[in-house]
file final_28.txt (compact mmCIF, C-alpha atoms)
# COMPACT_ATOMS: atom_id res chain seq x y z
CA MET Q 1 -22.33 -24.07 -63.14
CA THR Q 2 -21.31 -21.92 -60.24
CA HIS Q 3 -17.62 -21.26 -59.65
CA PRO Q 4 -16.69 -20.09 -56.15
CA ASP Q 5 -14.23 -17.25 -56.01
CA GLU Q 6 -13.22 -14.64 -53.46
CA GLN Q 7 -16.40 -12.64 -53.98
CA THR Q 8 -18.83 -15.55 -53.85
CA LEU Q 9 -17.22 -17.00 -50.74
CA ALA Q 10 -16.91 -13.71 -48.82
CA ARG Q 11 -19.79 -12.75 -46.58
CA PRO Q 12 -21.24 -9.28 -47.10
CA LEU Q 13 -20.29 -6.71 -44.53
CA GLN Q 14 -23.91 -5.80 -43.95
CA ARG Q 15 -24.82 -9.39 -43.12
CA VAL Q 16 -21.92 -9.72 -40.67
CA ALA Q 17 -22.86 -6.47 -38.93
CA ALA Q 18 -26.52 -7.47 -38.79
CA THR Q 19 -25.61 -10.89 -37.39
CA ASP Q 20 -23.47 -9.33 -34.67
CA GLU Q 21 -26.24 -6.90 -33.76
CA ARG Q 22 -28.94 -9.58 -33.62
CA GLU Q 23 -26.71 -11.90 -31.61
CA ALA Q 24 -25.94 -9.09 -29.16
CA LEU Q 25 -29.66 -8.47 -28.65
CA GLY Q 26 -30.29 -12.19 -28.21
CA ARG Q 27 -27.43 -12.55 -25.74
CA ALA Q 28 -28.78 -9.66 -23.69
CA ARG Q 29 -32.11 -11.45 -23.30
CA LEU Q 30 -30.41 -14.75 -22.59
CA GLU Q 31 -28.25 -13.19 -19.91
CA LEU Q 32 -31.34 -11.99 -18.05
CA GLY Q 33 -32.87 -15.45 -18.13
CA PHE Q 34 -29.59 -17.12 -17.21
CA ASN Q 35 -29.12 -14.72 -14.28
CA VAL Q 36 -32.54 -15.58 -12.88
CA ALA Q 37 -32.03 -19.33 -13.33
CA ALA Q 38 -28.53 -19.27 -11.86
CA LEU Q 39 -29.53 -17.22 -8.82
CA ALA Q 40 -32.53 -19.49 -8.20
CA LEU Q 41 -30.34 -22.61 -8.26
CA ILE Q 42 -27.71 -21.01 -6.05
CA ALA Q 43 -30.41 -19.89 -3.59
CA PHE Q 44 -31.71 -23.49 -3.50
CA LEU Q 45 -28.23 -24.84 -2.80
CA PHE Q 46 -27.65 -22.22 -0.12
CA ALA Q 47 -30.95 -23.17 1.54
CA LEU Q 48 -29.83 -26.79 1.44
CA GLN Q 49 -26.59 -25.70 3.08
CA LEU Q 50 -28.47 -23.99 5.90
CA LEU Q 51 -30.57 -27.11 6.49
CA ASN Q 52 -27.42 -29.18 6.90
CA LEU Q 53 -25.48 -26.56 8.83
CA ARG Q 54 -25.44 -28.47 12.11
CA TYR Q 55 -23.90 -31.51 10.39
CA MET Q 56 -20.95 -29.63 8.95
CA PRO Q 57 -17.74 -30.77 10.68
CA PHE Q 58 -15.71 -27.73 9.55
CA ILE Q 59 -18.25 -24.97 9.16
CA GLY Q 60 -15.63 -22.25 8.71
CA LEU Q 61 -14.24 -23.81 5.54
CA THR Q 62 -17.71 -24.33 4.07
CA LEU Q 63 -18.76 -20.76 4.79
CA GLY Q 64 -15.49 -19.57 3.27
CA ALA Q 65 -16.30 -21.49 0.09
CA TRP Q 66 -19.74 -19.88 -0.04
CA ALA Q 67 -18.21 -16.46 0.53
CA LEU Q 68 -15.98 -16.96 -2.53
CA VAL Q 69 -18.88 -18.07 -4.72
CA ILE Q 70 -21.24 -15.30 -3.64
CA GLY Q 71 -18.46 -12.71 -3.82
CA THR Q 72 -17.59 -13.54 -7.42
CA LEU Q 73 -21.28 -13.46 -8.38
CA ALA Q 74 -21.72 -10.04 -6.80
CA VAL Q 75 -18.67 -8.70 -8.62
CA ALA Q 76 -19.87 -10.22 -11.90
CA LEU Q 77 -23.33 -8.67 -11.64
CA VAL Q 78 -21.85 -5.24 -10.80
CA LEU Q 79 -19.19 -5.24 -13.53
CA ARG Q 80 -21.14 -6.99 -16.30
CA PHE Q 81 -22.40 -3.83 -18.01
CA ARG Q 82 -18.92 -2.28 -17.90
CA LEU Q 83 -17.28 -5.20 -19.69
CA PRO Q 84 -17.21 -5.97 -23.44
CA ASP Q 85 -19.60 -8.48 -24.99
CA LEU Q 86 -16.96 -11.23 -24.72
CA LEU Q 87 -15.65 -11.77 -21.20
CA PRO Q 88 -11.84 -11.26 -21.18
CA THR Q 89 -9.85 -14.46 -20.85
CA TRP Q 90 -7.85 -13.22 -17.88
CA LEU Q 91 -11.02 -12.34 -15.98
CA PHE Q 92 -12.62 -15.70 -16.77
CA ALA Q 93 -9.44 -17.51 -15.73
CA GLY Q 94 -9.41 -15.55 -12.47
CA ALA Q 95 -13.02 -16.52 -11.76
CA LEU Q 96 -12.21 -20.17 -12.45
CA GLY Q 97 -9.31 -19.96 -10.00
CA VAL Q 98 -11.54 -18.52 -7.28
CA TRP Q 99 -14.20 -21.18 -7.93
CA ALA Q 100 -11.60 -23.95 -7.86
CA LEU Q 101 -10.53 -22.71 -4.42
CA ALA Q 102 -14.19 -22.71 -3.34
CA VAL Q 103 -14.51 -26.35 -4.44
CA VAL Q 104 -11.40 -27.30 -2.46
CA LEU Q 105 -12.65 -25.51 0.66
CA ASP Q 106 -16.08 -27.11 0.39
CA VAL Q 107 -14.60 -30.60 -0.04
CA ALA Q 108 -12.35 -30.03 2.97
CA GLY Q 109 -15.14 -28.51 5.04
CA THR Q 110 -17.61 -31.38 4.50
CA ARG Q 111 -15.34 -34.36 5.02
CA SER Q 112 -16.64 -36.59 7.78
CA ALA Q 113 -16.42 -40.27 8.57
CA ASP Q 114 -19.85 -40.43 10.21
CA VAL Q 115 -22.25 -38.14 8.35
CA TRP Q 116 -22.78 -37.64 4.60
CA THR Q 117 -22.99 -33.94 3.76
CA PRO Q 118 -23.68 -32.41 0.33
CA LEU Q 119 -21.13 -30.26 -1.48
CA THR Q 120 -23.43 -27.28 -1.88
CA ALA Q 121 -20.84 -24.54 -2.44
CA ALA Q 122 -18.95 -26.68 -4.96
CA ALA Q 123 -22.19 -27.48 -6.77
CA ALA Q 124 -23.04 -23.75 -6.90
CA VAL Q 125 -20.06 -23.27 -9.20
CA GLY Q 126 -22.12 -24.93 -11.97
CA PRO Q 127 -24.91 -22.30 -11.97
CA ALA Q 128 -22.18 -19.65 -11.73
CA LEU Q 129 -20.72 -21.03 -14.97
CA LEU Q 130 -24.16 -20.58 -16.53
CA LEU Q 131 -23.70 -16.82 -16.18
CA CYS Q 132 -20.61 -17.07 -18.40
CA ALA Q 133 -22.26 -19.13 -21.17
CA PRO Q 134 -23.37 -16.14 -23.32
CA VAL Q 135 -20.01 -14.33 -23.02
CA ARG Q 136 -17.44 -17.13 -23.42
CA PRO Q 137 -16.75 -19.67 -26.19
CA PRO Q 138 -18.71 -22.92 -25.69
CA ARG Q 139 -15.56 -25.04 -25.31
CA ASP Q 140 -14.52 -23.05 -22.22
CA ILE Q 141 -17.84 -23.63 -20.45
CA VAL Q 142 -18.03 -27.30 -21.44
CA ALA Q 143 -14.47 -27.99 -20.27
CA ALA Q 144 -15.02 -26.26 -16.91
CA ALA Q 145 -18.35 -28.06 -16.35
CA ALA Q 146 -16.78 -31.42 -17.23
CA VAL Q 147 -13.94 -30.91 -14.75
CA LEU Q 148 -16.39 -29.85 -12.05
CA GLY Q 149 -18.60 -32.87 -12.67
CA ALA Q 150 -15.62 -35.23 -12.59
CA VAL Q 151 -14.39 -33.80 -9.28
CA LEU Q 152 -17.82 -34.07 -7.66
CA ALA Q 153 -18.30 -37.61 -8.98
CA VAL Q 154 -14.98 -38.76 -7.53
CA VAL Q 155 -15.62 -37.13 -4.14
CA PHE Q 156 -19.17 -38.43 -3.86
CA GLY Q 157 -18.10 -41.86 -5.09
CA ILE Q 158 -15.48 -42.17 -2.37
CA ARG Q 159 -17.84 -40.89 0.32
CA ALA Q 160 -20.65 -43.23 -0.76
CA ILE Q 161 -18.57 -46.36 -0.16
CA PRO Q 162 -19.73 -46.73 3.48
CA ALA Q 163 -23.22 -45.41 2.62
CA PRO Q 164 -24.30 -46.53 -0.90
CA GLN Q 165 -27.84 -45.22 -0.28
CA MET Q 166 -26.46 -41.69 -0.65
CA LEU Q 167 -25.59 -42.19 -4.33
CA GLY Q 168 -29.06 -40.92 -5.31
CA PRO Q 169 -28.72 -37.51 -3.62
CA SER Q 170 -25.15 -37.33 -4.93
CA PHE Q 171 -26.32 -37.74 -8.51
CA ALA Q 172 -28.90 -34.98 -7.95
CA ILE Q 173 -26.21 -32.59 -6.71
CA ILE Q 174 -23.96 -33.43 -9.69
CA ALA Q 175 -26.86 -32.84 -12.09
CA ILE Q 176 -27.57 -29.42 -10.53
CA ALA Q 177 -23.89 -28.53 -10.95
CA VAL Q 178 -23.29 -29.79 -14.49
CA ALA Q 179 -26.60 -29.57 -16.34
CA PRO Q 180 -27.22 -25.76 -16.22
CA PRO Q 181 -23.98 -24.67 -17.96
CA LEU Q 182 -24.26 -27.42 -20.58
CA ILE Q 183 -27.88 -26.54 -21.33
CA GLY Q 184 -26.91 -22.87 -21.46
CA VAL Q 185 -24.21 -23.59 -24.04
CA GLN Q 186 -26.70 -25.47 -26.21
CA ILE Q 187 -29.21 -22.62 -25.98
CA VAL Q 188 -26.58 -20.07 -27.02
CA ARG Q 189 -25.52 -22.24 -29.96
CA SER Q 190 -29.12 -22.68 -31.06
CA LEU Q 191 -29.74 -18.94 -30.87
CA ARG Q 192 -26.64 -18.20 -32.94
CA THR Q 193 -27.68 -20.73 -35.58
CA LEU Q 194 -31.22 -19.36 -35.66
CA VAL Q 195 -30.03 -15.78 -36.13
CA GLN Q 196 -27.66 -16.75 -38.94
CA LEU Q 197 -30.36 -18.77 -40.72
CA GLU Q 198 -32.90 -15.98 -40.44
CA LEU Q 199 -30.53 -13.32 -41.76
CA ASP Q 200 -29.40 -15.55 -44.59
CA LEU Q 201 -33.00 -16.33 -45.53
CA VAL Q 202 -33.85 -12.61 -45.58
CA GLN Q 203 -30.93 -11.97 -47.91
CA VAL Q 204 -31.90 -14.84 -50.21
CA GLN Q 205 -35.53 -13.73 -50.32
CA SER Q 206 -34.46 -10.22 -51.33
CA THR Q 207 -33.44 -11.58 -54.74
CA VAL Q 208 -37.04 -12.59 -55.51
CA SER Q 209 -37.95 -9.02 -56.46
CA ALA Q 210 -34.62 -8.25 -58.16
CA PRO Q 211 -34.31 -7.90 -61.96
CA GLY Q 212 -33.72 -11.14 -63.86
CA TYR Q 213 -30.15 -10.12 -64.63
CA ALA Q 214 -28.55 -7.85 -62.07
CA ALA Q 215 -25.51 -7.35 -59.89
CA GLY Q 216 -25.65 -9.18 -56.61
CA MET Q 217 -25.29 -7.70 -53.15
CA MET Q 218 -21.54 -8.13 -53.00
CA ALA Q 219 -21.13 -6.84 -56.54
CA SER Q 220 -23.25 -3.82 -55.62
CA GLU Q 221 -20.92 -3.09 -52.72
CA GLU Q 222 -17.93 -3.36 -55.02
CA LEU Q 223 -19.59 -1.13 -57.62
CA ALA Q 224 -20.27 1.49 -54.94
CA ARG Q 225 -16.60 1.40 -53.95
CA LEU Q 226 -15.48 1.73 -57.56
CA ASP Q 227 -17.96 4.53 -58.17
CA LEU Q 228 -16.56 6.47 -55.21
CA ALA Q 229 -12.98 5.92 -56.39
CA ALA Q 230 -13.87 7.09 -59.92
CA GLU Q 231 -15.74 10.12 -58.57
CA ARG Q 232 -12.75 11.18 -56.47
CA LEU Q 233 -10.41 10.79 -59.44
CA LEU Q 234 -12.64 12.82 -61.76
CA ASP Q 235 -13.22 15.47 -59.09
CA GLY Q 236 -9.46 15.80 -58.66
CA VAL Q 237 -9.02 16.34 -62.40
CA ALA Q 238 -11.92 18.82 -62.59
CA THR Q 239 -10.69 20.93 -59.67
CA GLY Q 240 -7.04 20.84 -60.76
CA ARG Q 241 -5.84 18.91 -57.69
CA THR Q 242 -4.78 16.08 -59.99
CA PRO Q 243 -2.45 17.50 -62.65
CA LEU Q 244 -2.71 16.55 -66.33
CA PRO Q 245 -1.28 14.53 -67.91
CA LEU Q 246 -1.77 11.88 -65.23
CA ASP Q 247 1.30 10.39 -63.65
CA GLN Q 248 1.92 6.68 -64.06
CA ALA Q 249 0.50 5.65 -60.65
CA THR Q 250 -2.72 7.63 -61.13
CA ALA Q 251 -3.13 6.37 -64.70
CA ASP Q 252 -2.71 2.76 -63.54
CA ALA Q 253 -5.30 3.30 -60.80
CA ALA Q 254 -7.77 4.76 -63.35
CA ALA Q 255 -7.18 1.84 -65.70
CA ALA Q 256 -7.78 -0.64 -62.87
CA ILE Q 257 -11.06 1.06 -61.97
CA ALA Q 258 -12.22 0.98 -65.60
CA THR Q 259 -11.31 -2.68 -65.95
CA GLU Q 260 -13.18 -3.67 -62.79
CA LEU Q 261 -16.22 -1.67 -63.88
CA ARG Q 262 -16.28 -3.44 -67.26
CA LEU Q 263 -16.00 -6.84 -65.57
CA HIS Q 264 -18.91 -6.08 -63.25
CA LEU Q 265 -21.03 -4.84 -66.13
CA ILE Q 266 -20.34 -8.04 -68.06
CA GLN Q 267 -21.21 -10.16 -65.02
CA GLY Q 268 -24.43 -8.22 -64.56
CA ARG Q 269 -25.50 -9.26 -68.06
CA THR Q 270 -24.79 -12.97 -67.54
CA GLU Q 271 -25.57 -13.72 -63.88
CA THR Q 272 -29.23 -14.22 -62.95
CA TRP Q 273 -30.96 -13.47 -59.67
CA LEU Q 274 -30.82 -17.21 -58.86
CA TYR Q 275 -27.05 -17.29 -59.28
CA HIS Q 276 -26.66 -14.48 -56.75
CA ALA Q 277 -29.20 -16.03 -54.38
CA VAL Q 278 -27.18 -19.26 -54.28
CA THR Q 279 -23.61 -17.99 -54.33
CA GLU Q 280 -24.11 -15.18 -51.82
CA SER Q 281 -25.89 -17.37 -49.28
CA ALA Q 282 -23.85 -18.83 -46.43
CA VAL Q 283 -26.32 -21.73 -46.24
CA LEU Q 284 -26.98 -22.48 -49.92
CA GLY Q 285 -23.55 -21.61 -51.34
CA PRO Q 286 -21.57 -24.58 -49.92
CA SER Q 287 -24.33 -27.15 -50.60
CA VAL Q 288 -26.07 -26.13 -53.84
CA THR Q 289 -24.68 -26.57 -57.35
CA LEU Q 290 -26.49 -24.51 -59.98
CA SER Q 291 -26.51 -25.20 -63.72
CA ASP Q 292 -28.44 -22.66 -65.81
CA PRO Q 293 -26.34 -22.03 -68.95
CA GLU Q 294 -29.11 -20.17 -70.80
CA GLY Q 295 -30.14 -18.01 -67.86
CA LEU Q 296 -33.71 -19.29 -67.98
CA ALA Q 297 -34.23 -18.54 -64.29
CA ALA Q 298 -34.36 -14.85 -65.19
CA GLY Q 299 -37.74 -15.42 -66.85
CA LEU Q 300 -39.48 -16.80 -63.77
CA ASP Q 301 -42.11 -14.54 -62.24
CA ARG Q 302 -42.11 -13.45 -58.60
CA ASP Q 303 -44.29 -16.31 -57.31
CA GLN Q 304 -42.22 -18.91 -59.15
CA ARG Q 305 -38.99 -17.46 -57.79
CA ASP Q 306 -40.35 -17.44 -54.25
CA GLY Q 307 -41.54 -21.04 -54.56
CA LEU Q 308 -38.24 -22.28 -56.01
CA LEU Q 309 -36.10 -20.55 -53.40
CA THR Q 310 -38.34 -21.66 -50.55
CA ALA Q 311 -38.23 -25.29 -51.71
CA VAL Q 312 -34.45 -25.27 -52.09
CA TRP Q 313 -34.03 -23.60 -48.71
CA LEU Q 314 -36.25 -26.12 -46.93
CA LEU Q 315 -34.47 -29.05 -48.56
CA ILE Q 316 -31.02 -27.79 -47.52
CA SER Q 317 -31.47 -25.98 -44.22
CA ASP Q 318 -33.51 -28.72 -42.49
CA PRO Q 319 -31.21 -30.15 -39.76
CA VAL Q 320 -32.60 -33.69 -40.24
CA ARG Q 321 -30.07 -36.15 -41.64
CA SER Q 322 -30.53 -39.49 -43.29
CA GLY Q 323 -29.89 -42.76 -41.53
CA THR Q 324 -26.52 -43.05 -43.24
CA GLY Q 325 -25.36 -39.80 -41.66
CA GLN Q 326 -24.74 -38.27 -45.11
CA ALA Q 327 -24.80 -34.48 -45.25
CA ARG Q 328 -27.31 -32.87 -47.55
CA SER Q 329 -26.35 -31.50 -50.94
CA LEU Q 330 -28.45 -30.28 -53.84
CA MET Q 331 -28.03 -29.93 -57.60
CA LEU Q 332 -30.28 -27.49 -59.44
CA ASP Q 333 -30.37 -27.94 -63.23
CA ILE Q 334 -32.48 -25.67 -65.45
CA GLU Q 335 -32.78 -26.50 -69.13
CA ARG Q 336 -35.04 -25.71 -72.05
CA ARG Q 337 -37.58 -28.30 -73.17
CA GLU Q 338 -39.16 -28.93 -76.54
CA GLY Q 339 -42.43 -27.20 -77.14
CA GLY Q 340 -41.43 -23.63 -77.83
CA PRO Q 341 -43.51 -20.48 -78.19
CA THR Q 342 -47.07 -20.74 -79.48
CA ALA Q 343 -49.50 -18.23 -80.89
CA LEU Q 344 -50.89 -17.69 -77.41
CA THR Q 345 -47.50 -17.53 -75.69
CA PRO Q 346 -45.06 -16.14 -78.27
CA SER Q 347 -42.52 -15.00 -75.68
CA SER Q 348 -42.59 -18.09 -73.45
CA SER Q 349 -40.51 -21.23 -73.36
CA THR Q 350 -41.14 -24.53 -71.60
CA MET Q 351 -38.31 -25.51 -69.30
CA ALA Q 352 -37.50 -28.22 -66.80
CA ILE Q 353 -36.11 -27.51 -63.35
CA VAL Q 354 -34.51 -30.65 -61.93
CA ILE Q 355 -33.74 -30.67 -58.22
CA THR Q 356 -31.54 -33.57 -57.11
CA THR Q 357 -30.78 -33.87 -53.40
CA THR Q 358 -28.72 -36.39 -51.45
CA GLY Q 359 -28.99 -37.18 -47.77
CA VAL Q 360 -32.75 -36.59 -47.63
CA PRO Q 361 -34.83 -39.41 -46.11
CA ARG Q 362 -38.14 -40.31 -47.74
CA ASN Q 363 -40.10 -38.84 -44.85
CA GLY Q 364 -37.67 -36.01 -44.19
CA VAL Q 365 -39.06 -33.43 -46.64
CA ASP Q 366 -40.96 -30.57 -45.05
CA PRO Q 367 -44.56 -30.52 -46.41
CA ALA Q 368 -44.11 -26.79 -47.01
CA ALA Q 369 -41.46 -27.66 -49.63
CA TRP Q 370 -44.05 -29.45 -51.78
CA GLN Q 371 -46.42 -26.50 -51.48
CA ALA Q 372 -43.63 -24.19 -52.58
CA ILE Q 373 -42.77 -26.40 -55.57
CA ARG Q 374 -46.42 -26.28 -56.71
CA LYS Q 375 -46.01 -22.51 -57.13
CA VAL Q 376 -43.25 -23.15 -59.68
CA GLY Q 377 -45.08 -25.64 -61.89
CA ARG Q 378 -46.12 -29.28 -62.32
CA TYR Q 379 -43.69 -31.69 -60.68
CA ALA Q 380 -42.89 -35.36 -60.31
CA GLU Q 381 -40.62 -36.86 -57.66
CA SER Q 382 -38.69 -40.12 -57.39
CA TYR Q 383 -36.44 -41.72 -54.76
CA SER Q 384 -33.35 -43.80 -55.28
CA GLY Q 385 -31.58 -44.74 -52.07
CA SER Q 386 -30.79 -41.48 -50.29
CA THR Q 387 -31.28 -39.40 -53.46
CA LEU Q 388 -34.48 -37.47 -54.10
CA ARG Q 389 -35.12 -36.21 -57.65
CA ILE Q 390 -37.80 -33.62 -58.32
CA GLU Q 391 -38.51 -32.57 -61.90
CA VAL Q 392 -40.57 -29.42 -62.29
CA THR Q 393 -42.02 -28.41 -65.64
CA THR Q 394 -42.83 -24.73 -65.98
CA VAL Q 395 -42.82 -21.80 -68.38
CA SER Q 396 -40.17 -19.07 -68.57
CA ASP Q 397 -40.56 -15.62 -70.09
CA THR Q 398 -37.99 -15.56 -72.88
CA SER Q 399 -38.52 -11.85 -73.45
CA VAL Q 400 -36.38 -11.12 -70.39
CA GLU Q 401 -32.99 -10.01 -71.65
CA PRO Q 402 -29.82 -8.98 -69.83
CA THR Q 403 -29.85 -5.29 -69.00
call {"tool": "encode", "arguments": {"input": "final_28.txt", "output": "structure tokens"}}
result
Amino acid sequence: MTHPDEQTLARPLQRVAATDEREALGRARLELGFNVAALALIAFLFALQLLNLRYMPFIGLTLGAWALVIGTLAVALVLRFRLPDLLPTWLFAGALGVWALAVVLDVAGTRSADVWTPLTAAAAVGPALLLCAPVRPPRDIVAAAAVLGAVLAVVFGIRAIPAPQMLGPSFAIIAIAVAPPLIGVQIVRSLRTLVQLELDLVQVQSTVSAPGYAAGMMASEELARLDLAAERLLDGVATGRTPLPLDQATADAAAAIATELRLHLIQGRTETWLYHAVTESAVLGPSVTLSDPEGLAAGLDRDQRDGLLTAVWLLISDPVRSGTGQARSLMLDIERREGGPTALTPSSSTMAIVITTTGVPRNGVDPAAWQAIRKVGRYAESYSGSTLRIEVTTVSDTSVEPT
């Protein structure tokens, strides 16, 4: 049974750095696409403004609103590469203030009792918000888009009272203003999730070729730190920089290093590759419970490991949920079965791998999961409500011993 502790719950520094780097590359590509889309929508709205120019009762106010929108966009495009990855809050707040003033000017500049005129400059604030989607938290973009949509809906609703036939064009303008930033937020979220899943899967798959019993990634980092600390201490003693006998503080530090090294060596002889694959994964760790008291997973060959991990990953990481809305969880039990070594297989042992998942609909299992399970051994599945039980019978190499 796995027991979460500080090490198993902490994310490795390498994975965090890799995630940040991949997300930065993804955001850079998204920004280019968002810039093109936003400028195209703003150009369309500006063309619409020019077509309705002769109907504008207060053309100066409307042109002032457009000057504010275009001015902020020009400044943003010039300064973007000089700013950090995350747009500073004060700068974003300043842009929102300028855009709010543009909305007010556009509303004032298009008011008329006789002719319905579109709020083009106010609607252009929506595509402008799209430019901020990769560099601001999603809640900021969603809140600003919601406020903009509410303001436009109220203004258009009041102006459509004498001319209900204009509700259709009003809805189109509101959609152009609100949809781009909301879609942009969803795209950024999806990209972030995809990057995290890919990096986590790469880390999990790296355990397939690891020894049956070995230190995990986080333990390896800790061992490297302890090794460096021990090397510095011994070098100090060898060169005379650390006087003998050791003072109390140095002796306590040496004792702590030795104790931690012994603990890691003990863990390396009891924790299998599967334990590290589960506990060090940000996706599998919170949802998978592993029970392998005899360490039988260490005897699986490379193909069996790959099939087992792939099946577990597909069962957990699939975003599909059951009709009850229950989140997915998985129990992985590995136990020895009767029918021990034979004359042909003296170092093998039959074992059962039982995978029990909850929250998986009957038709919600990826077909690739069944193909992966076939690589592990013969299997039989059964459903009970929202619980899927898969029992795999396979053979483990009992000659694998902790190193």
call {"tool": "closest_residue", "arguments": {"input": "final_28.txt", "among": "Q:Ala177, Q:Arg189, Q:Leu77, Q:Arg111", "to": "Ile158 of chain Q", "atoms": "all atoms listed in the file"}}
result
Q:Arg111
call {"tool": "residues_around", "arguments": {"input": "final_28.txt", "residues": "Glu391 of chain Q", "least_positions_apart": "5", "cutoff": "7 Å", "atoms": "all atoms listed in the file", "output": "mmCIF file with C-alpha atoms, in the coordinates of the input"}}
result
data_model
loop_
_atom_site.group_PDB
_atom_site.id
_atom_site.type_symbol
_atom_site.label_atom_id
_atom_site.label_comp_id
_atom_site.auth_asym_id
_atom_site.auth_seq_id
_atom_site.Cartn_x
_atom_site.Cartn_y
_atom_site.Cartn_z
ATOM 1 C CA ALA Q 352 -37.500 -28.220 -66.800
ATOM 2 C CA ILE Q 353 -36.110 -27.510 -63.350
ATOM 3 C CA VAL Q 354 -34.510 -30.650 -61.930
ATOM 4 C CA ILE Q 355 -33.740 -30.670 -58.220
ATOM 5 C CA TYR Q 379 -43.690 -31.690 -60.680
ATOM 6 C CA ALA Q 380 -42.890 -35.360 -60.310
ATOM 7 C CA GLU Q 381 -40.620 -36.860 -57.660
#
call {"tool": "residues_near_point", "arguments": {"input": "final_28.txt", "point": "(-41.4, -23.7, -69.8)", "cutoff": "7 Å", "atoms": "all atoms listed in the file", "output": "list of chain:residue names"}}
result
Q:Arg337, Q:Ser348, Q:Ser349, Q:Thr350, Q:Met351, Q:Ala352, Q:Thr393, Q:Thr394, Q:Val395, Q:Ser396
call {"tool": "closest_residue", "arguments": {"input": "final_28.txt", "among": "Q:Ser190, Q:Thr120, Q:Asn363, Q:Thr242", "to": "Pro169 of chain Q", "atoms": "only C-alpha atoms"}}
result
Q:Thr120
call {"tool": "closest_residue", "arguments": {"input": "final_28.txt", "among": "Q:Met166, Q:Leu152, Q:Leu130, Q:Leu197", "to": "Leu182 of chain Q", "atoms": "only C-alpha atoms"}}
result
Q:Leu130
call {"tool": "atom_distance", "arguments": {"input": "final_28.txt", "atom1": "atom CA of Leu48 of chain Q", "atom2": "atom CA of Asp106 of chain Q"}}
result
13.8 Å
call {"tool": "closest_atom_pairs", "arguments": {"input": "final_28.txt", "of": "segment 94-209 of chain Q", "to": "segment 272-288 of chain Q", "cutoff": "12 Å", "atoms": "all atoms listed in the file", "output": "Markdown table"}}
result
| residue | atom | partner | partner_atom | distance |
| --- | --- | --- | --- | --- |
| Q:Thr193 | CA | Q:Val283 | CA | 10.8 |
| Q:Leu194 | CA | Q:Val283 | CA | 11.9 |
| Q:Gln196 | CA | Q:Ala282 | CA | 8.7 |
| Q:Leu197 | CA | Q:Val283 | CA | 7.5 |
| Q:Glu198 | CA | Q:Val283 | CA | 10.5 |
| Q:Leu199 | CA | Q:Ser281 | CA | 9.7 |
| Q:Asp200 | CA | Q:Ser281 | CA | 6.1 |
| Q:Leu201 | CA | Q:Ser281 | CA | 8.1 |
| Q:Val202 | CA | Q:Ser281 | CA | 10.0 |
| Q:Gln203 | CA | Q:Ser281 | CA | 7.5 |
| Q:Val204 | CA | Q:Ala277 | CA | 5.1 |
| Q:Gln205 | CA | Q:Ala277 | CA | 7.9 |
| Q:Ser206 | CA | Q:Ala277 | CA | 8.4 |
| Q:Thr207 | CA | Q:Trp273 | CA | 5.8 |
| Q:Val208 | CA | Q:Trp273 | CA | 7.4 |
| Q:Ser209 | CA | Q:Trp273 | CA | 8.9 |
call {"tool": "residues_around", "arguments": {"input": "final_28.txt", "residues": "Asp303 of chain Q", "least_positions_apart": "6", "cutoff": "12 Å", "atoms": "only C-alpha atoms", "output": "JSON, numbers by chain"}}
result
{"Q": [205, 208, 209, 309, 310, 371, 372, 373, 374, 375, 376, 377]}
call {"tool": "atom_distance", "arguments": {"input": "final_28.txt", "atom1": "atom CA of Ser386 of chain Q", "atom2": "atom CA of Leu290 of chain Q"}}
result
20.0 Å
call {"tool": "build_atoms", "arguments": {"input": "final_28.txt", "residues": "segment 50-58 of chain Q", "atoms": "N, CA and C atoms", "output": "PDB file, in the coordinates of the input"}}
result
ATOM      1  N   LEU Q  50     -27.995 -24.408   4.582  1.00  0.00           N
ATOM      2  CA  LEU Q  50     -28.470 -23.990   5.900  1.00  0.00           C
ATOM      3  C   LEU Q  50     -29.175 -25.133   6.619  1.00  0.00           C
ATOM      4  N   LEU Q  51     -29.890 -25.981   5.864  1.00  0.00           N
ATOM      5  CA  LEU Q  51     -30.570 -27.110   6.490  1.00  0.00           C
ATOM      6  C   LEU Q  51     -29.590 -28.125   7.052  1.00  0.00           C
ATOM      7  N   ASN Q  52     -28.424 -28.207   6.454  1.00  0.00           N
ATOM      8  CA  ASN Q  52     -27.420 -29.180   6.900  1.00  0.00           C
ATOM      9  C   ASN Q  52     -26.311 -28.526   7.717  1.00  0.00           C
ATOM     10  N   LEU Q  53     -26.549 -27.323   8.167  1.00  0.00           N
ATOM     11  CA  LEU Q  53     -25.480 -26.560   8.830  1.00  0.00           C
ATOM     12  C   LEU Q  53     -24.962 -27.263  10.090  1.00  0.00           C
ATOM     13  N   ARG Q  54     -25.873 -27.862  10.845  1.00  0.00           N
ATOM     14  CA  ARG Q  54     -25.440 -28.470  12.110  1.00  0.00           C
ATOM     15  C   ARG Q  54     -24.634 -29.755  11.908  1.00  0.00           C
ATOM     16  N   TYR Q  55     -24.663 -30.286  10.645  1.00  0.00           N
ATOM     17  CA  TYR Q  55     -23.900 -31.510  10.390  1.00  0.00           C
ATOM     18  C   TYR Q  55     -22.523 -31.235   9.799  1.00  0.00           C
ATOM     19  N   MET Q  56     -22.217 -29.971   9.570  1.00  0.00           N
ATOM     20  CA  MET Q  56     -20.950 -29.630   8.950  1.00  0.00           C
ATOM     21  C   MET Q  56     -19.812 -29.744   9.980  1.00  0.00           C
ATOM     22  N   PRO Q  57     -18.835 -30.613   9.708  1.00  0.00           N
ATOM     23  CA  PRO Q  57     -17.740 -30.770  10.680  1.00  0.00           C
ATOM     24  C   PRO Q  57     -16.803 -29.574  10.723  1.00  0.00           C
ATOM     25  N   PHE Q  58     -16.626 -28.883   9.613  1.00  0.00           N
ATOM     26  CA  PHE Q  58     -15.710 -27.730   9.550  1.00  0.00           C
ATOM     27  C   PHE Q  58     -16.475 -26.567   8.914  1.00  0.00           C
TER      28      PHE Q  58
END
